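Asks: Starting off with a structure, shown below.
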Amino acid sequence: MSKTVIAFLKFFSPLALAYILVAAWFLNNQAGHHGELVRERQQTRVFQTARAIDLDMDTHFSDARFLARLVVRAFEDEQGTMRMRELGWVFSDFSRSRPHYFQLRFLDEKGMEQLRVDRVMDGPAVIPEENLQAKGDRYYFREAFRGGRDDVYVSHFDLNEERGKVEVPHRPTLRFACPVIDRDGNKLGVVVLNFDGSELLGRIRGRAESDEGTAIFCDSEGYWFLAPGNAAAWGKSLGLKDATMAHHFPEAWRTIAGADSGQVLTDSGFFTFATIETPSHTLVPLTGAPVEAGPRRWKIVTWVKPARLTLPWANLFILMTCLALAALAAGSWHLIGFRVSRSQAETRLRESEERLLAITQSAQDAIVMVDGHDRITYSNPAARSMFGYEDEDLLGREAHPFLLAAPLSVEAAAAEERTGRPAEIEVVHRDGHTIPVELSSSRFRIKDQWYAVGSMRNISRRKKGEMALKRSEETARALLNAPTDSALLVSLSGTILSINEIGAKRLGEKAEVLTGQSLLNLIDPAMAERYRKSLRQVLETGEATQFEDLHRNSRLLVNAYPIKDESGVVENIALFARDVTEQHRAQAALRQSEQRFRDVSEAVGEYIWETDANGAFTFVTEDSVFVLGYTSDELLGRTLDTLVPEDLAADFHTWQADVIAKREPFSNVEVQVRTKEETLIWIRISGVPYFDDDKKFLGYRGAAMDVTEQKAQQEAVKASERQLRALAESAYDGIIMIDTSGNVSFWNEAAEQMFGYAEEEALGRNVHDLVTPADMRDRAKEGVALFAATGEGEVVDNIREVEAVRKDGTLFPVEISVSGFRLGGQWYAVGTVRDITERKATEAKLRELATTDGLTNLNNRRRFMELAEQELTRSKRYPHSLAMFMMDIDHFKQVNDTHGHDVGDEVLRSLAVTASEALRDADILGRLGGEEFGVLLPETDAESALEVAERIRLSVEQTSIHTSAGDLNITISIGVAVMETDDTVETLLKKADVALYRAKDGGRNRAVLA
């Protein structure tokens, strides 16, 4: 063992070190790559979020200026209470189109609320005059009122207060305030838009936060608006000094506070940050830099925890590396063990060869080895003495000149192996005389060369004895022609009363000469003493006895029988002697054969048995003690059914009786038996019947082995299979398993209901012929061929949405997840199939709701802006002209006030139909809010845009709208704008909006180019 360990360490240590170094390099390289990807993803998220917020802020500035202009226009057009009422309607419509403002207000020059629209559960609500409040002391009024025309004041981002207290539940609020200044420069008051900060925080969380990083939003002092985890936010509003970045992440905050953007790695994690330049508590003019920039800027930060910076599969890789090292160690151990074992075997072989050489050199029999050409390659001293030659005289010479009658050759050795009998031949001595020998030969092969070895025993003396015996036998046969047993009748003192010729011959005299002599005096003293004891035993017991003895090199089996008189007293003894020398030799050979038989059975881990015709054991190898706990002696005479438990004994006995009656072989029959220690085990038995020379059935011979562990494993596998099948059958999703040919080998009940095929219809058929649409079938089968070869494929280890076909031919969408596994050298695939018809319908409905105006079925504002962004990008890239105009129904408020909102809705739907019919398929039409519509005209210049606008205006003017209140006629005003190089969607929309107001100011029912 120590040699094996040392050799193993020398072999395995360099391999293990090299493997560990390569694995460590790979893991470190992948970790660096992973870190780079994390940095890039976080930087992209942060910068995109900051850019989106900047754009959103511009939109809020525009909204504030827009409402301020509306108020100015209302003051110029209307007077008194009517003016505030109409402004309330306008503010309400604006609130519906901008749900992110929870409050819109107009404060007069003293800070008194003249109009307030709150967003409540049912929609915008105009607050009654008696509930309006004075806000002249609020900082945002004072700061905004000191601004100029189109300046917008951005308040602190804080929690909303009502009547001097923080509103509960907390409502994050950002206020946009714009002074209202008429044409003469008189300040009429301030428009204030209260923006719902929760939406801003939601956008930041949605854009910046991910599975690997947490979004953080704070001001320039580090106070959190959006805090990580369970940390408290709004510390500045609530007086929580610890609710800051500086308190929780001081090391990171030092870097974040001192730079506009960047990334920093600390013990707390990895931080990516950017600064939003639009300041709070600042007046922002229409163009140019803020009036007051100050330090009040916002920071967007993502925080990646240290655990997320490591490779997600690092621990698994380390585990797999350890397992691979263990496998390498096991393989190395087996290889080194094999090498050491081979070296030890070679050493033992050399020692065996040395012993064999010593044995042959000292053997009394002559031993000669010849090659395939019958040339002598080896002879021992006894052979050289028998032939009369020295070793150098014999080596290389052909063997047949020395042998008479039978040669020593490879062919002769093969013939002896077939017959199993040695040959008696004569050897020629150097001086010419012959010597009778008994030649036993065998052949063997070394390096593709056959050799023969002959062992020759001088049988000169035996031949002389055999000749004498032959003559004696011939004489006895001629005299008696009787059986070969010796028969004698002796008195109690040992005097021979009668003897047959065979017995006389064995004693060396004639029968008449021996009669009357003492038998004990005719044999050697040792044998005479054994005869005397046997005769005494017969006399004392009155029973026959039997013993063996040697007489003249022969083993005799002697039976002594008492001859009794009429009274039962022993008066004489009859002796019968049989020569059993050959029988003893055969028994010795049989014992050797049985020993070989036992050795083989021990090597294969079984025990061998033999029964008689009734099933009782007549022979069992000693291995039975390792399986049953019983020794072979304890099992002899017993039947196997005595070891079978009582509840199974009757069935086993019936089976055994049936097998014995049919005389048929059986194999791999598993039987539960009870061991000597009362433990129940399973054994597997196989047996064949055997017969005597007369075809009489004698019993069975066979082998048995312990299969308890195998049975337990099989039962565990079966139980696992039953559980897995039960789980599969109870699943709501279809579960299908296919082999390497794509043929179905498992099809659960959910698959039956989903595709319409019963399990017996699907099993064995190609899965793609059943469920794959015809136009996709060939490609799918090509994927199966790739999977069968590599275990990989386009759909393996992925979740995909595809189209499937039912038995009735209908197509429907499904979601599939496929994984592969290898069993018995072949790849199998298991797929989970889910019917997603309802989900797809729901998604389509949600997309429609998210992009369509519910009243007119046109694009809603969000969808219109998205499409406009795409067209603007495309027009700038190629480049192409692009025009946009805004339409507004003239005096639409009067329609609602006179006829009601239901009729107003009918008017809006009619305008949508009329405008759609007048536009091209490539043009984009959307409802932006209230009675305001937007139109985008790709590849259209100013002149063409005005023509389209005029065509729509005329069509609307000439169309009579049939409503529930009767026929109505309306007119529209249109503002047209054409894209310039530096335009964005927002600026283009603003230009169209300005042109629309010019159309309104110019008398309505007209189209004006910006």
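Ligands are numbered from 1 in the order shown, residues from 1 within each chain, and chains are lettered A, B, ... in the order they appear in the structure tokens.
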Just the residues within 10 Å of A:Val625, please, counting only C-alpha atoms, with nothing from its chain fewer than 4 positions along; format it as number ranges by chain.
Replies: A: 607, 620-621, 629-632, 634-635, 675-676
Asks: Would you pick out the contacts of A:Ala751 at 7 Å or less, using only C-alpha atoms, so that residues sharing its chain but fewer than 3 positions from it are not included, and give the list as a ChimeraX atom specification?
Replies: /A:734-735,747-748,754-755
Asks: Take the selection from the previous step and output its residues with N, CA and C atoms, as a PDB file, in the first residue's frame.
Replies:
```pdb
ATOM      1  N   GLY A 734     -48.401  20.322 -20.481  1.00  0.00           N
ATOM      2  CA  GLY A 734     -48.112  19.100 -21.202  1.00  0.00           C
ATOM      3  C   GLY A 734     -46.644  18.734 -21.012  1.00  0.00           C
ATOM      4  N   ILE A 735     -46.356  17.459 -20.699  1.00  0.00           N
ATOM      5  CA  ILE A 735     -44.982  16.983 -20.539  1.00  0.00           C
ATOM      6  C   ILE A 735     -44.770  15.875 -21.560  1.00  0.00           C
ATOM      7  N   TRP A 747     -46.035  10.842 -22.667  1.00  0.00           N
ATOM      8  CA  TRP A 747     -47.084  11.770 -23.122  1.00  0.00           C
ATOM      9  C   TRP A 747     -48.107  11.828 -22.002  1.00  0.00           C
ATOM     10  N   ASN A 748     -48.106  12.907 -21.198  1.00  0.00           N
ATOM     11  CA  ASN A 748     -48.970  12.928 -20.025  1.00  0.00           C
ATOM     12  C   ASN A 748     -50.405  13.344 -20.385  1.00  0.00           C
ATOM     13  N   MET A 754     -54.383  18.866 -24.477  1.00  0.00           N
ATOM     14  CA  MET A 754     -53.921  20.034 -25.219  1.00  0.00           C
ATOM     15  C   MET A 754     -53.906  19.771 -26.731  1.00  0.00           C
ATOM     16  N   PHE A 755     -53.392  18.594 -27.149  1.00  0.00           N
ATOM     17  CA  PHE A 755     -53.206  18.328 -28.572  1.00  0.00           C
ATOM     18  C   PHE A 755     -54.276  17.406 -29.165  1.00  0.00           C
TER      19      PHE A 755
END
```
Asks: List the neighbours of A:Ser518 out to 12 Å using only C-alpha atoms; skip same-chain residues closer than 5 positions along the sequence, and give me the result as a compact mmCIF listing (two decimals) with all heavy atoms, in the first residue's frame.
Replies:
```txt
# COMPACT_ATOMS: atom_id res chain seq x y z
N LEU A 488 -12.36 -65.09 1.53
CA LEU A 488 -11.78 -66.02 2.52
C LEU A 488 -12.81 -66.29 3.61
O LEU A 488 -13.60 -65.40 3.97
CB LEU A 488 -10.51 -65.43 3.17
CG LEU A 488 -9.31 -65.08 2.28
CD1 LEU A 488 -9.45 -63.65 1.76
CD2 LEU A 488 -8.01 -65.24 3.10
N LEU A 489 -12.74 -67.48 4.16
CA LEU A 489 -13.51 -67.83 5.36
C LEU A 489 -12.50 -68.25 6.41
O LEU A 489 -11.72 -69.19 6.20
CB LEU A 489 -14.48 -68.97 5.07
CG LEU A 489 -15.35 -69.40 6.26
CD1 LEU A 489 -16.29 -68.26 6.65
CD2 LEU A 489 -16.14 -70.66 5.91
N VAL A 490 -12.46 -67.48 7.52
CA VAL A 490 -11.45 -67.74 8.56
C VAL A 490 -12.16 -68.02 9.87
O VAL A 490 -13.30 -67.57 10.09
CB VAL A 490 -10.48 -66.55 8.71
CG1 VAL A 490 -9.73 -66.31 7.40
CG2 VAL A 490 -11.22 -65.29 9.12
N SER A 491 -11.45 -68.73 10.71
CA SER A 491 -11.97 -69.00 12.05
C SER A 491 -11.72 -67.79 12.93
O SER A 491 -11.09 -66.82 12.50
CB SER A 491 -11.30 -70.22 12.63
OG SER A 491 -9.91 -69.96 12.82
N LEU A 492 -12.21 -67.89 14.17
CA LEU A 492 -12.02 -66.76 15.08
C LEU A 492 -10.57 -66.54 15.44
O LEU A 492 -10.18 -65.42 15.81
CB LEU A 492 -12.84 -66.96 16.35
CG LEU A 492 -14.37 -67.08 16.16
CD1 LEU A 492 -15.05 -67.30 17.51
CD2 LEU A 492 -14.92 -65.85 15.48
N SER A 493 -9.73 -67.56 15.24
CA SER A 493 -8.31 -67.42 15.54
C SER A 493 -7.53 -66.96 14.33
O SER A 493 -6.34 -66.71 14.40
CB SER A 493 -7.74 -68.75 16.04
OG SER A 493 -7.89 -69.75 15.02
N GLY A 494 -8.20 -66.87 13.15
CA GLY A 494 -7.53 -66.40 11.95
C GLY A 494 -7.12 -67.49 11.00
O GLY A 494 -6.48 -67.21 9.99
N THR A 495 -7.49 -68.74 11.28
CA THR A 495 -7.11 -69.86 10.38
C THR A 495 -7.98 -69.82 9.14
O THR A 495 -9.20 -69.66 9.22
CB THR A 495 -7.28 -71.19 11.09
OG1 THR A 495 -6.42 -71.18 12.27
CG2 THR A 495 -6.88 -72.35 10.20
N ILE A 496 -7.32 -70.00 8.00
CA ILE A 496 -8.05 -69.99 6.73
C ILE A 496 -8.80 -71.29 6.60
O ILE A 496 -8.22 -72.37 6.58
CB ILE A 496 -7.09 -69.79 5.54
CG1 ILE A 496 -6.36 -68.44 5.64
CG2 ILE A 496 -7.84 -69.90 4.21
CD1 ILE A 496 -5.30 -68.24 4.58
N LEU A 497 -10.13 -71.21 6.50
CA LEU A 497 -10.96 -72.40 6.32
C LEU A 497 -11.25 -72.61 4.84
O LEU A 497 -11.42 -73.75 4.39
CB LEU A 497 -12.26 -72.24 7.09
CG LEU A 497 -12.10 -71.99 8.62
CD1 LEU A 497 -13.47 -71.79 9.25
CD2 LEU A 497 -11.37 -73.16 9.28
N SER A 498 -11.34 -71.48 4.07
CA SER A 498 -11.60 -71.59 2.64
C SER A 498 -11.12 -70.31 1.98
O SER A 498 -11.21 -69.22 2.56
CB SER A 498 -13.09 -71.78 2.37
OG SER A 498 -13.34 -71.84 0.99
N LEU A 507 -2.18 -63.84 -2.01
CA LEU A 507 -1.29 -64.27 -0.92
C LEU A 507 -0.09 -65.03 -1.45
O LEU A 507 0.82 -65.39 -0.69
CB LEU A 507 -2.06 -65.14 0.07
CG LEU A 507 -3.14 -64.39 0.87
CD1 LEU A 507 -3.92 -65.35 1.74
CD2 LEU A 507 -2.51 -63.30 1.73
N VAL A 513 -2.92 -75.04 -0.61
CA VAL A 513 -1.76 -74.88 0.27
C VAL A 513 -2.10 -73.94 1.42
O VAL A 513 -1.68 -74.13 2.57
CB VAL A 513 -0.56 -74.36 -0.52
CG1 VAL A 513 0.62 -74.05 0.41
CG2 VAL A 513 -0.14 -75.36 -1.59
N ILE A 523 0.68 -62.46 6.22
CA ILE A 523 0.80 -61.02 5.87
C ILE A 523 1.78 -60.36 6.81
O ILE A 523 2.16 -60.93 7.85
CB ILE A 523 -0.57 -60.34 5.93
CG1 ILE A 523 -1.21 -60.52 7.31
CG2 ILE A 523 -1.50 -60.91 4.85
CD1 ILE A 523 -2.56 -59.87 7.45
N ALA A 528 -1.22 -57.51 9.85
CA ALA A 528 -1.79 -58.59 10.70
C ALA A 528 -2.43 -58.00 11.94
O ALA A 528 -3.50 -58.46 12.38
CB ALA A 528 -0.68 -59.59 11.07
N TYR A 531 -5.78 -56.56 11.02
CA TYR A 531 -6.76 -57.63 10.80
C TYR A 531 -7.24 -58.19 12.13
O TYR A 531 -8.43 -58.47 12.32
CB TYR A 531 -6.13 -58.76 9.96
CG TYR A 531 -6.31 -58.56 8.46
CD1 TYR A 531 -5.68 -57.52 7.81
CD2 TYR A 531 -7.12 -59.41 7.73
CE1 TYR A 531 -5.84 -57.34 6.44
CE2 TYR A 531 -7.28 -59.24 6.36
CZ TYR A 531 -6.63 -58.20 5.72
OH TYR A 531 -6.81 -58.05 4.37
N ARG A 532 -6.29 -58.33 13.08
CA ARG A 532 -6.64 -58.89 14.39
C ARG A 532 -7.64 -57.99 15.11
O ARG A 532 -8.61 -58.47 15.71
CB ARG A 532 -5.35 -59.08 15.21
CG ARG A 532 -5.56 -59.85 16.51
CD ARG A 532 -4.24 -60.07 17.24
NE ARG A 532 -3.40 -61.03 16.52
CZ ARG A 532 -2.28 -60.73 15.89
NH1 ARG A 532 -1.87 -59.45 15.88
NH2 ARG A 532 -1.57 -61.65 15.27
```
Asks: Considering only C-alpha atoms, can you say which of A:His768, A:Glu980, A:Ser341, A:Glu838 comes closest to A:Ala7?
Replies: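 Distance minimum relative to A:Ala7 lands on A:Ser341.
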Asks: Excluding A:Arg909 and its own-chain neighbours fewer than 6 positions away, which residues fall within 9 Å of it when counting only C-alpha atoms? Please give them as a list in words.
Replies: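 The residues satisfying every condition are Leu855, Thr856 and Asn857 of chain A.
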Asks: If you keep N, CA and C atoms, can you produce a file of those selected residues as a PDB file, in the first residue's frame?
Replies:
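Written file, part_9.pdb:
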```
ATOM      1  N   LEU A 855     -61.911  56.513 -26.556  1.00  0.00           N
ATOM      2  CA  LEU A 855     -63.092  57.141 -27.137  1.00  0.00           C
ATOM      3  C   LEU A 855     -63.068  57.090 -28.664  1.00  0.00           C
ATOM      4  N   THR A 856     -61.919  57.421 -29.267  1.00  0.00           N
ATOM      5  CA  THR A 856     -61.858  57.575 -30.734  1.00  0.00           C
ATOM      6  C   THR A 856     -61.172  56.418 -31.430  1.00  0.00           C
ATOM      7  N   ASN A 857     -60.538  55.493 -30.650  1.00  0.00           N
ATOM      8  CA  ASN A 857     -59.751  54.382 -31.209  1.00  0.00           C
ATOM      9  C   ASN A 857     -58.542  54.863 -31.996  1.00  0.00           C
TER      10      ASN A 857
END
```
Asks: Mind running stretch 299-403 of chain A against stretch 18-34 of chain A at 9 Å and telling me each contacting residue's nearest atom pair with the distance in Å (one decimal), counting only C-alpha atoms, chain and number ascending, as JSON lines?
Replies:
```
{"residue": "A:Leu309", "atom": "CA", "partner": "A:His34", "partner_atom": "CA", "distance": 7.6}
{"residue": "A:Thr310", "atom": "CA", "partner": "A:Ala31", "partner_atom": "CA", "distance": 6.5}
{"residue": "A:Leu311", "atom": "CA", "partner": "A:Ala31", "partner_atom": "CA", "distance": 5.8}
{"residue": "A:Ala314", "atom": "CA", "partner": "A:Leu27", "partner_atom": "CA", "distance": 7.3}
{"residue": "A:Phe317", "atom": "CA", "partner": "A:Leu27", "partner_atom": "CA", "distance": 8.1}
{"residue": "A:Ile318", "atom": "CA", "partner": "A:Ala23", "partner_atom": "CA", "distance": 8.4}
{"residue": "A:Thr321", "atom": "CA", "partner": "A:Ala23", "partner_atom": "CA", "distance": 7.3}
{"residue": "A:Leu325", "atom": "CA", "partner": "A:Tyr19", "partner_atom": "CA", "distance": 7.9}
```
Asks: Running DSSP on the backbone, which parts of stretch 724-879 of chain A land in alpha helix (DSSP H), as a PyMOL selection string?
Replies: chain A and resi 724-730+749-755+759-762+767-771+774-790+837-851+861-877
